Amino acid sequence: MPVVGIPGTLCAPEIFDRLAAALPGGSDTVDAVDWLTAPGPWRIEDVAASVSRRIEALGEPVTLLGHSTGGCVAATVAATRPDLVSHLLLANTGAHMRGHGDVDRILTTITEDWGPSLHAAVLDRSFATPLPSGLRTRLLAYAARVPPAAVLEVLTSQRDLDLTPKLASITCPATVLHGSHDRARSVADARYLAEQLPDCELTVVATGHTPFWEDVPSTVAALERLRAR
Ligand SMILES: O=C(O)CC1=CCC(=O)O1
């Protein structure tokens, strides 16, 4: 059964490689979606519709792994197309963005000062410890290829969306994986999200915003428990 990964805002699909390499089957086990450099529109529901078409093409339900904004997309796919999602893993996301660390500041900076320093700020605060320089360089190069319109559109749409009313309809087994050192998303966000999902395990690990890269063994274990349910 395939795993489909949806990275967060400004985050390259490469971010799933380390997890994929640790899964049985190796690097071809995570189909990572490059939704930010694909043509728009980029509202959450638009990206969810395009991810749904991609899963349809795979021909079987998938384990859907969504990170940050990608988690909001993944939950939307699970709510609107339950036939496509057998298991759902949501990493450092939330049901809504009320109280989110700095989405409004990011939105203002996208319009006023888009460029390398914003990319670096978003990237660096997504990890509790500094990234290896080669990977950081590649992730920044990816961010430089993302159209600012995509980031503006998706984050505005995520900011204005509250998934709470839809979460009770997501009946597939779910896991909320949360790095407790996240500077934008609190453990309370994760707990609230997990409480709204009918069949959900909450796993908190000592990482930043990107636990499936920062703590691969815990993520593999969480995925194994999820897929055994
Ligand atoms: O936390 C989220 O769901 C979305 C997000 C936007 C910028 C960021 O770092 O996270």
# chains A, B, ... in the order shown; residues from 1 in each chain; ligands from 1

$ closest_atom_pairs --of "chain A" --to "ligand 1" --cutoff "8 Å" --atoms "only C-alpha atoms and all ligand atoms" --output "Markdown table"
| residue | atom | partner | partner_atom_place_in_ligand_line | distance |
| --- | --- | --- | --- | --- |
| A:Gly8 | CA | ligand 1 | 4 (C) | 6.7 |
| A:Thr9 | CA | ligand 1 | 6 (C) | 5.9 |
| A:His67 | CA | ligand 1 | 3 (O) | 7.4 |
| A:Ser68 | CA | ligand 1 | 3 (O) | 3.7 |
| A:Thr69 | CA | ligand 1 | 3 (O) | 4.3 |
| A:Gly70 | CA | ligand 1 | 3 (O) | 7.4 |
| A:Gly71 | CA | ligand 1 | 3 (O) | 6.8 |
| A:Cys72 | CA | ligand 1 | 3 (O) | 6.6 |
| A:Asn92 | CA | ligand 1 | 1 (O) | 6.2 |
| A:Thr93 | CA | ligand 1 | 3 (O) | 4.1 |
| A:Gly94 | CA | ligand 1 | 3 (O) | 5.7 |
| A:His96 | CA | ligand 1 | 3 (O) | 7.8 |
| A:Met97 | CA | ligand 1 | 3 (O) | 7.0 |
| A:His100 | CA | ligand 1 | 1 (O) | 6.9 |
| A:Asp102 | CA | ligand 1 | 7 (C) | 7.5 |
| A:Val103 | CA | ligand 1 | 7 (C) | 6.1 |
| A:Ile106 | CA | ligand 1 | 7 (C) | 7.4 |
| A:Val122 | CA | ligand 1 | 9 (O) | 5.9 |
| A:Leu123 | CA | ligand 1 | 9 (O) | 7.9 |
| A:Arg125 | CA | ligand 1 | 9 (O) | 7.3 |
| A:Ser126 | CA | ligand 1 | 9 (O) | 6.3 |
| A:Leu155 | CA | ligand 1 | 6 (C) | 6.6 |
| A:Gln158 | CA | ligand 1 | 4 (C) | 7.6 |
| A:Ala184 | CA | ligand 1 | 9 (O) | 6.1 |
| A:Arg185 | CA | ligand 1 | 1 (O) | 5.7 |
| A:His209 | CA | ligand 1 | 9 (O) | 7.3 |

$ write_last_selection --atoms "N, CA, C and O atoms" --output "tab-separated table (two decimals), in the first residue's frame"
chain	number	residue	atom	x	y	z
A	8	GLY	N	4.99	20.59	3.68
A	8	GLY	CA	4.44	21.87	4.11
A	8	GLY	C	4.85	23.01	3.19
A	8	GLY	O	5.61	22.84	2.23
A	9	THR	N	4.36	24.18	3.52
A	9	THR	CA	4.63	25.38	2.72
A	9	THR	C	6.12	25.63	2.60
A	9	THR	O	6.84	25.62	3.61
A	67	HIS	N	2.27	17.19	6.08
A	67	HIS	CA	3.13	17.96	6.97
A	67	HIS	C	2.71	19.42	6.97
A	67	HIS	O	2.65	20.04	5.89
A	68	SER	N	2.41	19.99	8.15
A	68	SER	CA	2.14	21.41	8.24
A	68	SER	C	0.98	21.79	7.31
A	68	SER	O	-0.10	21.19	7.39
A	69	THR	N	1.18	22.72	6.39
A	69	THR	CA	0.11	23.03	5.43
A	69	THR	C	-0.30	21.77	4.66
A	69	THR	O	-1.49	21.58	4.36
A	70	GLY	N	0.66	20.91	4.38
A	70	GLY	CA	0.34	19.64	3.70
A	70	GLY	C	-0.57	18.76	4.55
A	70	GLY	O	-1.33	17.94	4.02
A	71	GLY	N	-0.51	18.94	5.87
A	71	GLY	CA	-1.42	18.20	6.76
A	71	GLY	C	-2.85	18.68	6.61
A	71	GLY	O	-3.79	17.90	6.66
A	72	CYS	N	-2.99	19.98	6.43
A	72	CYS	CA	-4.32	20.56	6.21
A	72	CYS	C	-4.89	20.04	4.89
A	72	CYS	O	-6.07	19.67	4.79
A	92	ASN	N	2.67	17.92	12.64
A	92	ASN	CA	2.79	19.35	12.99
A	92	ASN	C	1.89	20.24	12.14
A	92	ASN	O	2.34	21.15	11.45
A	93	THR	N	0.61	19.92	12.27
A	93	THR	CA	-0.39	20.77	11.65
A	93	THR	C	-1.47	21.02	12.68
A	93	THR	O	-1.27	20.82	13.87
A	94	GLY	N	-2.61	21.52	12.23
A	94	GLY	CA	-3.68	21.80	13.18
A	94	GLY	C	-5.01	21.92	12.48
A	94	GLY	O	-5.06	22.01	11.24
A	96	HIS	N	-6.95	24.43	12.70
A	96	HIS	CA	-7.12	25.82	12.27
A	96	HIS	C	-5.83	26.57	12.57
A	96	HIS	O	-4.89	25.99	13.14
A	97	MET	N	-5.79	27.84	12.22
A	97	MET	CA	-4.55	28.61	12.43
A	97	MET	C	-4.72	29.71	13.48
A	97	MET	O	-3.86	30.58	13.59
A	100	HIS	N	-1.71	30.54	15.66
A	100	HIS	CA	-0.50	30.04	14.98
A	100	HIS	C	0.61	31.08	15.12
A	100	HIS	O	0.36	32.29	14.98
A	102	ASP	N	3.06	32.67	13.50
A	102	ASP	CA	3.37	33.89	12.77
A	102	ASP	C	2.83	33.91	11.34
A	102	ASP	O	3.45	34.48	10.46
A	103	VAL	N	1.66	33.30	11.12
A	103	VAL	CA	1.18	33.25	9.73
A	103	VAL	C	0.94	34.65	9.17
A	103	VAL	O	1.25	34.92	8.00
A	106	ILE	N	4.17	36.14	8.08
A	106	ILE	CA	4.65	35.52	6.84
A	106	ILE	C	3.88	36.07	5.64
A	106	ILE	O	4.46	36.42	4.61
A	122	VAL	N	11.72	30.71	7.21
A	122	VAL	CA	10.69	29.66	7.30
A	122	VAL	C	11.37	28.29	7.41
A	122	VAL	O	10.97	27.44	8.21
A	123	LEU	N	12.42	28.09	6.60
A	123	LEU	CA	13.11	26.79	6.63
A	123	LEU	C	13.77	26.55	7.99
A	123	LEU	O	13.57	25.51	8.62
A	125	ARG	N	13.27	27.77	10.93
A	125	ARG	CA	12.45	27.57	12.12
A	125	ARG	C	11.60	26.27	12.04
A	125	ARG	O	10.83	25.97	12.93
A	126	SER	N	11.78	25.53	10.95
A	126	SER	CA	11.05	24.26	10.81
A	126	SER	C	11.82	23.07	11.38
A	126	SER	O	11.35	21.94	11.28
A	155	LEU	N	-1.47	29.89	1.99
A	155	LEU	CA	-1.47	30.27	3.42
A	155	LEU	C	-2.68	31.14	3.77
A	155	LEU	O	-3.21	31.03	4.87
A	158	GLN	N	-5.40	28.63	4.08
A	158	GLN	CA	-5.30	27.84	5.32
A	158	GLN	C	-5.66	28.70	6.53
A	158	GLN	O	-6.34	28.25	7.44
A	184	ALA	N	5.99	27.25	15.82
A	184	ALA	CA	4.75	27.83	15.30
A	184	ALA	C	3.51	27.11	15.84
A	184	ALA	O	2.49	27.73	16.10
A	185	ARG	N	3.63	25.80	15.99
A	185	ARG	CA	2.49	24.97	16.36
A	185	ARG	C	2.70	24.38	17.75
A	185	ARG	O	3.72	23.77	18.01
A	209	HIS	N	9.38	21.38	13.87
A	209	HIS	CA	8.17	21.37	13.03
A	209	HIS	C	8.14	20.18	12.05
A	209	HIS	O	7.14	19.95	11.39

$ closest_atom_pairs --of "region 133-222 of chain A" --to "region 73-77 of chain A" --cutoff "8 Å" --atoms "only C-alpha atoms" --output "tab-separated table"
residue	atom	partner	partner_atom	distance
A:Leu163	CA	A:Thr76	CA	7.8
A:Leu167	CA	A:Ala75	CA	7.6
A:Ile170	CA	A:Ala75	CA	7.9

$ atom_distance --atom1 "CA of Arg98 (chain A)" --atom2 "CA of Leu223 (chain A)"
28.1 Å

$ closest_residue --among "A:Val4, A:Leu202, A:Leu177, A:Ala57" --to "Asp34 (chain A)" --atoms "only C-alpha atoms"
A:Val4

$ residues_around --residues "Arg136 (chain A)" --least-positions-apart "5" --cutoff "9 Å" --atoms "only C-alpha atoms" --output "list in words"
Ala120, Leu123, Asp124, Pro130, Leu131 and Ala141 of chain A

$ closest_residue --among "A:Gly66, A:Asp31, A:Thr37, A:Ala95" --to "Phe212 (chain A)" --atoms "only C-alpha atoms"
A:Gly66

$ select_by_dssp --residues "region 176-205 of chain A" --states "strand (DSSP E or B)" --output "PyMOL selection string"
chain A and resi 176-179+200-205

$ write_last_selection --atoms "N, CA, C and O atoms" --output "tab-separated table (two decimals), in the first residue's frame"
chain	number	residue	atom	x	y	z
A	176	VAL	N	-1.71	11.72	14.84
A	176	VAL	CA	-1.18	13.08	14.86
A	176	VAL	C	0.21	12.98	15.48
A	176	VAL	O	0.36	12.60	16.66
A	177	LEU	N	1.23	13.26	14.67
A	177	LEU	CA	2.62	13.21	15.11
A	177	LEU	C	3.07	14.65	15.32
A	177	LEU	O	2.92	15.47	14.41
A	178	HIS	N	3.60	14.94	16.49
A	178	HIS	CA	3.90	16.35	16.76
A	178	HIS	C	5.26	16.53	17.43
A	178	HIS	O	5.55	15.91	18.46
A	179	GLY	N	6.07	17.38	16.85
A	179	GLY	CA	7.35	17.76	17.46
A	179	GLY	C	7.11	18.89	18.46
A	179	GLY	O	6.65	19.97	18.09
A	200	CYS	N	-7.91	8.26	16.51
A	200	CYS	CA	-6.61	8.92	16.38
A	200	CYS	C	-5.69	8.65	17.56
A	200	CYS	O	-6.12	8.67	18.71
A	201	GLU	N	-4.42	8.37	17.23
A	201	GLU	CA	-3.36	8.30	18.25
A	201	GLU	C	-2.54	9.58	18.17
A	201	GLU	O	-2.20	10.03	17.08
A	202	LEU	N	-2.24	10.16	19.31
A	202	LEU	CA	-1.36	11.33	19.37
A	202	LEU	C	0.04	10.87	19.79
A	202	LEU	O	0.18	10.20	20.82
A	203	THR	N	1.04	11.20	18.99
A	203	THR	CA	2.42	10.86	19.33
A	203	THR	C	3.23	12.15	19.37
A	203	THR	O	3.34	12.85	18.35
A	204	VAL	N	3.76	12.48	20.54
A	204	VAL	CA	4.56	13.70	20.68
A	204	VAL	C	6.03	13.30	20.79
A	204	VAL	O	6.38	12.40	21.56
A	205	VAL	N	6.87	13.93	19.96
A	205	VAL	CA	8.31	13.64	19.97
A	205	VAL	C	9.08	14.95	20.20
A	205	VAL	O	8.54	16.03	20.02

$ closest_residue --among "A:Cys11, A:Leu64, A:Cys172, A:Leu19" --to "Pro211 (chain A)" --atoms "only C-alpha atoms"
A:Leu19

$ closest_residue --among "A:Val85, A:Ile15, A:Val151, A:Ala21" --to "Val47 (chain A)" --atoms "only C-alpha atoms"
A:Val151

$ atom_distance --atom1 "CA of Ala168 (chain A)" --atom2 "CA of Leu10 (chain A)"
29.0 Å

$ atom_distance --atom1 "CA of Trp42 (chain A)" --atom2 "CA of Ile55 (chain A)"
17.7 Å

$ closest_residue --among "A:Leu226, A:Ile44, A:Ala206, A:Val154" --to "Ser180 (chain A)" --atoms "only C-alpha atoms"
A:Ala206

$ select_by_dssp --residues "region 60-133 of chain A" --states "alpha helix (DSSP H)" --output "count of residues only"
33
